[in-house]
Amino acid sequence: MLSDSLANALTEVGDFPAVDAIVSDYFSRGGAPAIAYGIVSGGRLVHSAGFGQRVLGAGPPDADTVFRIASMSKSFTASAVLLLRDAGALALDDPAATYVPELAGWTCGSADAAPVTIRQLLTMTAGFPTDDPWGDRQQGLPIQAFDELLARGLSFNWAPGTRFEYSNLGYAILGRVVTEASGVLYDEFIRTRLLAPLRLDRTGFESGEFEQGDLAVGYRRGLRGWEEVPFAPYGAFAPMGGVFSSVSDLARWVAGFAAAFPPDGDAPAHPLRPASRREMQLPQAVTGWRSPDRLPGGPPGAPAYYGFGLFADEDPDLGRVVSHSGGYPGFGSNMRWHPATGVGVIALANGTYAPMTALTALVLNALRPRSSAYHVALAPAAPGADAGAPWPETLAAAEAVSRLLLAWDDGTADELFTENVALDSPYPERRHAIAQIRERIGDFTVDGPAGTPGAAGTRAAESDTPAHRRWWLTGPGGTVQAQIQLNPERPPRVQSLALAVPPASDSVLARAVDTVIEWLNSGDAPWPDTLPVAAADAPLIARRLRMAAVWAGNCAAGAYQAGNGSSSTAVELVGEHATVTLSLLVNPATGELRQADIAL
């Protein structure tokens, strides 16, 4: 499974300070009050470290500190389904309605569509619209209320089996399947059939199961700094994101999947047979391409796939990499491993939707696991169907939200939005963001959110899926992006509203944007001293930005696509030959450039 030289290298403590430095630097960017991480090799946890405060005012986390792991929970649910399949209690191609009668009689996206199957729920090809962040706030929904929601029917973006779209709802339904097929409650099945045999003693479903000193508290960043996020109780959506766990327990979980490779290897005892664990890690549905908008001359794109409760990507350097992230109010997490060598990384944080995926990728690449023995070179899949036209409800919601942005009213917002919208970012914060936009671009008008441009020359609205809408707000001082996502209920409601807040003209962030554009247009000038950047990152940042300059030609700032207006921004650079998007992350206090990226 792992070469002796690599195993020896990874178990020498002296080799880990450089990796700790990567995590420490990432932590310093301020995405969460704390990060705990660990490295798996040879079937065990060989190194771990913690940074920050597991609870504000307390010490750093360690490998035994318990975090909510959010969507990483899906791998537990998928494992439960395959345990039942292996025991003959269900078949993956059974209609889900066989076990969840509330699904019977649905019209599934088209009149000629077949019923949703268990396999489609596992692979997120059931046709539901993506439901982050609405689904995250359904964690504690009582089972009876969930059954009533299902009985009312759901909204579909696609006919089942035709397209991948990430769905928390599908895994909540799988929890009901597990209960009905096994004859015991979902959480009891997970505890007795997976957690107990693997001795995952610091894994569970309720915050109250753990000693207070062992638990990391979740936080969100509000206008006055970090604010505690209460723990949601166990409920119907727990199968998609309700698990609590620690680095030490997840190391055993990851090692169990890595141990399934190679076939016919000396795999340790595990409740789920090796063949089923391998099946979970094999591509089942194409999710897209990891670098769909790469610039000419840049790194090749890599196909991305979903297995059963796990992502399976083809990394151009490493080969197959398996992973799953978790994002939730108060927490962010990721586990990632290299099946060919058994090397894995786990990172847990206690900040809302803290982006741990980028961190585990940095660490795994720094460890440089290499093996060609089980590299699977997969042919590119046929391109997916074009995005469907937006639902009438999506167009109506975009029009209603546009009116709300021009004259905010909390009562109107309550009618438009699902409950999570005010929880994720309270209305005073949303009014503050709108006021900042108006202050920085002037009194704005809306560029046709329903698809009909307003004034001549304004920008048409766009939809990535039937449940999504993106449009533009234009004022004398510029243009910013607004977008919404509807949830899967029937009728659907707005579950997220994202607004790009541009930087103030005299801010550190605005000066960083201006400096980068000036440098891009200057030709071969050295990196400007006025924009400090971490020494290790400077050459890579400079190369990527230079490539964009060559491709696009002289650029000027265009519309803002994302950002909080103080530390982060994504702005279009309109060039002579092409338009690219520049994303920057700065430290507002020091002016240091923390991160830069560019894409078509």
# chains A, B, ... in the order shown; residues from 1 in each chain; ligands from 1
$ select_by_dssp --residues "region 307-425 of chain A" --states "strand (DSSP E)" --output "short mmCIF file (atom, residue, chain, number, x, y, z; two decimals) with N, CA, C and O atoms, in the first residue's frame"
data_model
loop_
_atom_site.label_atom_id
_atom_site.label_comp_id
_atom_site.auth_asym_id
_atom_site.auth_seq_id
_atom_site.Cartn_x
_atom_site.Cartn_y
_atom_site.Cartn_z
N PHE A 311 -16.26 12.29 -3.33
CA PHE A 311 -15.79 12.80 -4.61
C PHE A 311 -14.55 12.03 -5.03
O PHE A 311 -13.70 11.68 -4.19
N ALA A 312 -14.42 11.77 -6.33
CA ALA A 312 -13.25 11.09 -6.87
C ALA A 312 -12.74 11.92 -8.04
O ALA A 312 -13.38 11.98 -9.10
N ASP A 313 -11.61 12.59 -7.84
CA ASP A 313 -11.04 13.46 -8.86
C ASP A 313 -9.80 12.85 -9.47
O ASP A 313 -9.10 12.06 -8.84
N GLU A 314 -9.52 13.25 -10.70
CA GLU A 314 -8.28 12.84 -11.36
C GLU A 314 -7.32 14.02 -11.35
O GLU A 314 -7.45 14.95 -12.13
N ASP A 315 -6.36 13.99 -10.43
CA ASP A 315 -5.38 15.05 -10.32
C ASP A 315 -4.29 14.84 -11.38
O ASP A 315 -3.80 13.72 -11.53
N GLY A 319 -2.86 11.59 -9.76
CA GLY A 319 -3.79 10.54 -10.14
C GLY A 319 -5.06 10.65 -9.32
O GLY A 319 -5.50 11.74 -8.97
N ARG A 320 -5.66 9.52 -8.98
CA ARG A 320 -6.93 9.53 -8.25
C ARG A 320 -6.75 10.10 -6.85
O ARG A 320 -5.89 9.67 -6.09
N VAL A 321 -7.58 11.06 -6.52
CA VAL A 321 -7.67 11.62 -5.18
C VAL A 321 -9.13 11.57 -4.76
O VAL A 321 -10.01 11.99 -5.51
N VAL A 322 -9.40 11.04 -3.57
CA VAL A 322 -10.76 10.91 -3.06
C VAL A 322 -10.94 11.90 -1.91
O VAL A 322 -10.00 12.10 -1.11
N SER A 323 -12.13 12.49 -1.81
CA SER A 323 -12.31 13.52 -0.78
C SER A 323 -13.79 13.74 -0.52
O SER A 323 -14.65 13.26 -1.25
N HIS A 324 -14.05 14.47 0.54
CA HIS A 324 -15.36 15.11 0.75
C HIS A 324 -15.17 16.26 1.71
O HIS A 324 -14.42 16.16 2.68
N SER A 325 -15.85 17.35 1.41
CA SER A 325 -15.80 18.52 2.28
C SER A 325 -17.06 18.58 3.13
O SER A 325 -18.01 17.83 2.92
N GLY A 326 -17.05 19.49 4.08
CA GLY A 326 -18.22 19.76 4.90
C GLY A 326 -18.31 21.25 5.18
O GLY A 326 -17.35 21.84 5.68
N GLY A 327 -19.42 21.85 4.84
CA GLY A 327 -19.64 23.26 5.15
C GLY A 327 -20.97 23.41 5.86
O GLY A 327 -21.98 22.83 5.46
N TYR A 328 -20.96 24.20 6.93
CA TYR A 328 -22.15 24.25 7.80
C TYR A 328 -22.08 25.53 8.61
O TYR A 328 -20.98 26.06 8.84
N PHE A 331 -19.06 25.74 11.02
CA PHE A 331 -17.99 24.77 10.80
C PHE A 331 -17.64 24.63 9.31
O PHE A 331 -18.46 24.88 8.44
N GLY A 332 -16.40 24.18 9.07
CA GLY A 332 -15.93 23.80 7.74
C GLY A 332 -14.95 22.66 7.89
O GLY A 332 -14.18 22.63 8.85
N SER A 333 -14.94 21.72 6.94
CA SER A 333 -14.09 20.54 7.09
C SER A 333 -13.78 19.93 5.75
O SER A 333 -14.46 20.20 4.75
N ASN A 334 -12.76 19.09 5.72
CA ASN A 334 -12.43 18.33 4.52
C ASN A 334 -11.57 17.14 4.90
O ASN A 334 -10.73 17.23 5.80
N MET A 335 -11.79 16.01 4.21
CA MET A 335 -10.90 14.86 4.28
C MET A 335 -10.52 14.51 2.85
O MET A 335 -11.35 14.56 1.95
N ARG A 336 -9.25 14.17 2.65
CA ARG A 336 -8.73 13.95 1.30
C ARG A 336 -7.63 12.90 1.39
O ARG A 336 -6.79 12.96 2.29
N TRP A 337 -7.65 11.93 0.47
CA TRP A 337 -6.60 10.93 0.51
C TRP A 337 -6.26 10.44 -0.89
O TRP A 337 -7.00 10.63 -1.85
N HIS A 338 -5.10 9.79 -0.97
CA HIS A 338 -4.51 9.30 -2.21
C HIS A 338 -4.55 7.78 -2.14
O HIS A 338 -3.71 7.16 -1.49
N VAL A 343 -1.90 7.83 1.72
CA VAL A 343 -1.62 9.08 2.42
C VAL A 343 -2.87 9.96 2.39
O VAL A 343 -3.49 10.15 1.34
N GLY A 344 -3.26 10.47 3.55
CA GLY A 344 -4.46 11.29 3.63
C GLY A 344 -4.29 12.48 4.56
O GLY A 344 -3.37 12.52 5.38
N VAL A 345 -5.19 13.45 4.42
CA VAL A 345 -5.17 14.67 5.23
C VAL A 345 -6.59 14.98 5.68
O VAL A 345 -7.53 14.84 4.90
N ILE A 346 -6.73 15.38 6.93
CA ILE A 346 -8.03 15.78 7.50
C ILE A 346 -7.85 17.18 8.10
O ILE A 346 -6.86 17.43 8.79
N ALA A 347 -8.80 18.08 7.84
CA ALA A 347 -8.75 19.42 8.42
C ALA A 347 -10.15 19.81 8.88
O ALA A 347 -11.11 19.69 8.11
N LEU A 348 -10.26 20.26 10.12
CA LEU A 348 -11.53 20.66 10.73
C LEU A 348 -11.40 22.08 11.28
O LEU A 348 -10.39 22.40 11.91
N ALA A 349 -12.41 22.90 11.05
CA ALA A 349 -12.38 24.29 11.51
C ALA A 349 -13.72 24.67 12.10
O ALA A 349 -14.76 24.10 11.75
#
$ closest_atom_pairs --of "region 5-89 of chain A" --to "region 185-190 of chain A" --cutoff "10 Å" --atoms "only C-alpha atoms" --output "CSV"
residue,atom,partner,partner_atom,distance
A:Phe76,CA,A:Ile190,CA,7.3
A:Thr77,CA,A:Ile190,CA,7.8
A:Ser79,CA,A:Ile190,CA,8.9
A:Ala80,CA,A:Ile190,CA,6.7
$ closest_residue --among "A:Tyr99, A:Phe146, A:Phe417, A:Phe128" --to "Glu180 (chain A)" --atoms "only C-alpha atoms"
A:Tyr99
$ residues_around --residues "region 103-112 of chain A" --least-positions-apart "6" --cutoff "7 Å" --atoms "only C-alpha atoms" --output "ChimeraX atom specification"
/A:97,150-151,153,156-160
$ residues_around --residues "Leu198 (chain A)" --least-positions-apart "3" --cutoff "9 Å" --atoms "only C-alpha atoms" --output "list in words"
Arg193, Leu194, Leu195, Asp201, Asp249, Arg252, Trp253, Ala269, His270 and Pro271 of chain A
$ closest_residue --among "A:Ala196, A:Ala78, A:Gly127, A:Val247" --to "Gly38 (chain A)" --atoms "only C-alpha atoms"
A:Val247
$ closest_atom_pairs --of "region 147-253 of chain A" --to "region 48-62 of chain A" --cutoff "10 Å" --atoms "only C-alpha atoms" --output "JSON lines"
{"residue": "A:Gln212", "atom": "CA", "partner": "A:Val55", "partner_atom": "CA", "distance": 10.0}
{"residue": "A:Gly213", "atom": "CA", "partner": "A:Val55", "partner_atom": "CA", "distance": 9.0}
{"residue": "A:Asp214", "atom": "CA", "partner": "A:Pro61", "partner_atom": "CA", "distance": 8.5}
{"residue": "A:Leu215", "atom": "CA", "partner": "A:Arg54", "partner_atom": "CA", "distance": 7.4}
{"residue": "A:Ala216", "atom": "CA", "partner": "A:Arg54", "partner_atom": "CA", "distance": 4.6}
{"residue": "A:Val217", "atom": "CA", "partner": "A:Val55", "partner_atom": "CA", "distance": 5.5}
{"residue": "A:Gly218", "atom": "CA", "partner": "A:Val55", "partner_atom": "CA", "distance": 8.1}
{"residue": "A:Tyr219", "atom": "CA", "partner": "A:Val55", "partner_atom": "CA", "distance": 9.0}
{"residue": "A:Trp226", "atom": "CA", "partner": "A:Leu56", "partner_atom": "CA", "distance": 8.7}
{"residue": "A:Glu227", "atom": "CA", "partner": "A:Leu56", "partner_atom": "CA", "distance": 9.7}
{"residue": "A:Glu228", "atom": "CA", "partner": "A:Leu56", "partner_atom": "CA", "distance": 9.1}
{"residue": "A:Ser246", "atom": "CA", "partner": "A:Asp62", "partner_atom": "CA", "distance": 8.6}
{"residue": "A:Val247", "atom": "CA", "partner": "A:Ser48", "partner_atom": "CA", "distance": 7.9}
{"residue": "A:Ser248", "atom": "CA", "partner": "A:Ser48", "partner_atom": "CA", "distance": 8.6}
$ closest_residue --among "A:Val184, A:Ala510, A:Ala354, A:Ala34" --to "Arg440 (chain A)" --atoms "only C-alpha atoms"
A:Ala510
$ closest_residue --among "A:Glu209, A:Asp64, A:Glu148, A:Glu419" --to "Tyr234 (chain A)" --atoms "only C-alpha atoms"
A:Glu209
$ select_by_dssp --residues "region 442-557 of chain A" --states "alpha helix (DSSP H)" --output "list in words"
Val508, Leu509, Ala510, Arg511, Ala512, Val513, Asp514, Thr515, Val516, Ile517, Glu518, Trp519, Leu520, Ala538, Pro539, Leu540, Ile541, Ala542, Arg543, Arg544, Leu545, Arg546, Met547, Ala548, Ala549, Val550, Trp551 and Ala552 of chain A
$ closest_residue --among "A:Val66, A:Val494, A:Ala89, A:Ala596" --to "Phe205 (chain A)" --atoms "only C-alpha atoms"
A:Val66
$ decode --residues "region 483-497 of chain A" --atoms "all heavy atoms" --output "short mmCIF file (atom, residue, chain, number, x, y, z; two decimals), in the first residue's frame"
data_model
loop_
_atom_site.label_atom_id
_atom_site.label_comp_id
_atom_site.auth_asym_id
_atom_site.auth_seq_id
_atom_site.Cartn_x
_atom_site.Cartn_y
_atom_site.Cartn_z
N GLN A 483 -27.01 37.39 -7.07
CA GLN A 483 -27.51 36.09 -7.51
C GLN A 483 -28.32 35.42 -6.41
O GLN A 483 -28.11 35.66 -5.21
CB GLN A 483 -26.37 35.19 -7.99
CG GLN A 483 -25.31 34.84 -7.00
CD GLN A 483 -24.26 33.94 -7.63
OE1 GLN A 483 -24.52 33.18 -8.56
NE2 GLN A 483 -23.04 34.02 -7.13
N ILE A 484 -29.26 34.60 -6.85
CA ILE A 484 -30.11 33.85 -5.92
C ILE A 484 -30.11 32.38 -6.32
O ILE A 484 -29.80 32.02 -7.46
CB ILE A 484 -31.56 34.37 -5.92
CG1 ILE A 484 -32.18 34.31 -7.32
CG2 ILE A 484 -31.63 35.77 -5.33
CD1 ILE A 484 -33.67 34.60 -7.36
N GLN A 485 -30.45 31.54 -5.35
CA GLN A 485 -30.65 30.11 -5.57
C GLN A 485 -31.93 29.70 -4.87
O GLN A 485 -32.12 30.01 -3.68
CB GLN A 485 -29.46 29.32 -5.00
CG GLN A 485 -29.59 27.82 -5.08
CD GLN A 485 -29.44 27.28 -6.49
OE1 GLN A 485 -28.61 27.75 -7.25
NE2 GLN A 485 -30.25 26.30 -6.84
N LEU A 486 -32.83 29.04 -5.59
CA LEU A 486 -34.07 28.56 -4.99
C LEU A 486 -33.88 27.16 -4.42
O LEU A 486 -32.98 26.43 -4.84
CB LEU A 486 -35.20 28.57 -6.02
CG LEU A 486 -35.98 29.90 -6.14
CD1 LEU A 486 -35.07 31.03 -6.60
CD2 LEU A 486 -37.16 29.76 -7.10
N ASN A 487 -34.73 26.78 -3.47
CA ASN A 487 -34.60 25.48 -2.81
C ASN A 487 -35.51 24.45 -3.48
O ASN A 487 -36.28 24.78 -4.39
CB ASN A 487 -34.87 25.61 -1.31
CG ASN A 487 -36.35 25.71 -0.98
OD1 ASN A 487 -37.18 26.02 -1.82
ND2 ASN A 487 -36.68 25.43 0.27
N PRO A 488 -35.47 23.16 -3.04
CA PRO A 488 -36.24 22.12 -3.74
C PRO A 488 -37.71 22.01 -3.33
O PRO A 488 -38.41 21.15 -3.87
CB PRO A 488 -35.51 20.83 -3.36
CG PRO A 488 -34.25 21.23 -2.68
CD PRO A 488 -34.50 22.58 -2.11
N GLU A 489 -38.18 22.81 -2.37
CA GLU A 489 -39.57 22.70 -1.96
C GLU A 489 -40.52 22.98 -3.13
O GLU A 489 -40.13 23.51 -4.17
CB GLU A 489 -39.87 23.69 -0.83
CG GLU A 489 -39.22 23.39 0.50
CD GLU A 489 -39.57 24.44 1.53
OE1 GLU A 489 -39.17 25.60 1.37
OE2 GLU A 489 -40.27 24.09 2.48
N ARG A 490 -41.76 22.63 -2.93
CA ARG A 490 -42.80 22.98 -3.90
C ARG A 490 -43.89 23.74 -3.17
O ARG A 490 -44.55 23.17 -2.29
CB ARG A 490 -43.37 21.73 -4.55
CG ARG A 490 -44.38 22.04 -5.66
CD ARG A 490 -44.87 20.80 -6.35
NE ARG A 490 -43.84 20.16 -7.14
CZ ARG A 490 -43.99 18.99 -7.76
NH1 ARG A 490 -45.15 18.35 -7.66
NH2 ARG A 490 -43.01 18.46 -8.46
N PRO A 491 -44.11 25.03 -3.48
CA PRO A 491 -43.32 25.81 -4.43
C PRO A 491 -41.95 26.18 -3.85
O PRO A 491 -41.80 26.29 -2.63
CB PRO A 491 -44.18 27.06 -4.64
CG PRO A 491 -44.92 27.22 -3.35
CD PRO A 491 -45.22 25.83 -2.89
N PRO A 492 -40.95 26.37 -4.72
CA PRO A 492 -39.61 26.70 -4.23
C PRO A 492 -39.53 28.12 -3.69
O PRO A 492 -40.30 29.00 -4.10
CB PRO A 492 -38.73 26.53 -5.47
CG PRO A 492 -39.65 26.79 -6.62
CD PRO A 492 -41.00 26.28 -6.19
N ARG A 493 -38.60 28.33 -2.77
CA ARG A 493 -38.36 29.65 -2.21
C ARG A 493 -36.88 30.00 -2.33
O ARG A 493 -36.04 29.14 -2.59
CB ARG A 493 -38.80 29.70 -0.74
CG ARG A 493 -40.29 29.53 -0.51
CD ARG A 493 -40.64 29.62 0.96
NE ARG A 493 -40.09 28.51 1.72
CZ ARG A 493 -39.89 28.53 3.04
NH1 ARG A 493 -40.16 29.62 3.74
NH2 ARG A 493 -39.41 27.46 3.66
N VAL A 494 -36.55 31.27 -2.11
CA VAL A 494 -35.16 31.72 -2.23
C VAL A 494 -34.38 31.29 -0.99
O VAL A 494 -34.70 31.71 0.12
CB VAL A 494 -35.08 33.25 -2.39
CG1 VAL A 494 -33.63 33.72 -2.45
CG2 VAL A 494 -35.84 33.69 -3.64
N GLN A 495 -33.36 30.45 -1.20
CA GLN A 495 -32.57 29.96 -0.07
C GLN A 495 -31.24 30.68 0.08
O GLN A 495 -30.59 30.56 1.11
CB GLN A 495 -32.28 28.46 -0.23
CG GLN A 495 -31.45 28.12 -1.48
CD GLN A 495 -30.95 26.71 -1.47
OE1 GLN A 495 -30.49 26.22 -0.46
NE2 GLN A 495 -31.04 26.04 -2.61
N SER A 496 -30.82 31.45 -0.94
CA SER A 496 -29.58 32.22 -0.78
C SER A 496 -29.63 33.46 -1.66
O SER A 496 -30.17 33.43 -2.77
CB SER A 496 -28.35 31.38 -1.12
OG SER A 496 -28.29 31.08 -2.50
N LEU A 497 -29.07 34.52 -1.14
CA LEU A 497 -28.89 35.78 -1.86
C LEU A 497 -27.45 36.22 -1.66
O LEU A 497 -27.01 36.39 -0.52
CB LEU A 497 -29.85 36.86 -1.32
CG LEU A 497 -29.54 38.31 -1.74
CD1 LEU A 497 -29.68 38.49 -3.24
CD2 LEU A 497 -30.44 39.29 -0.99
#
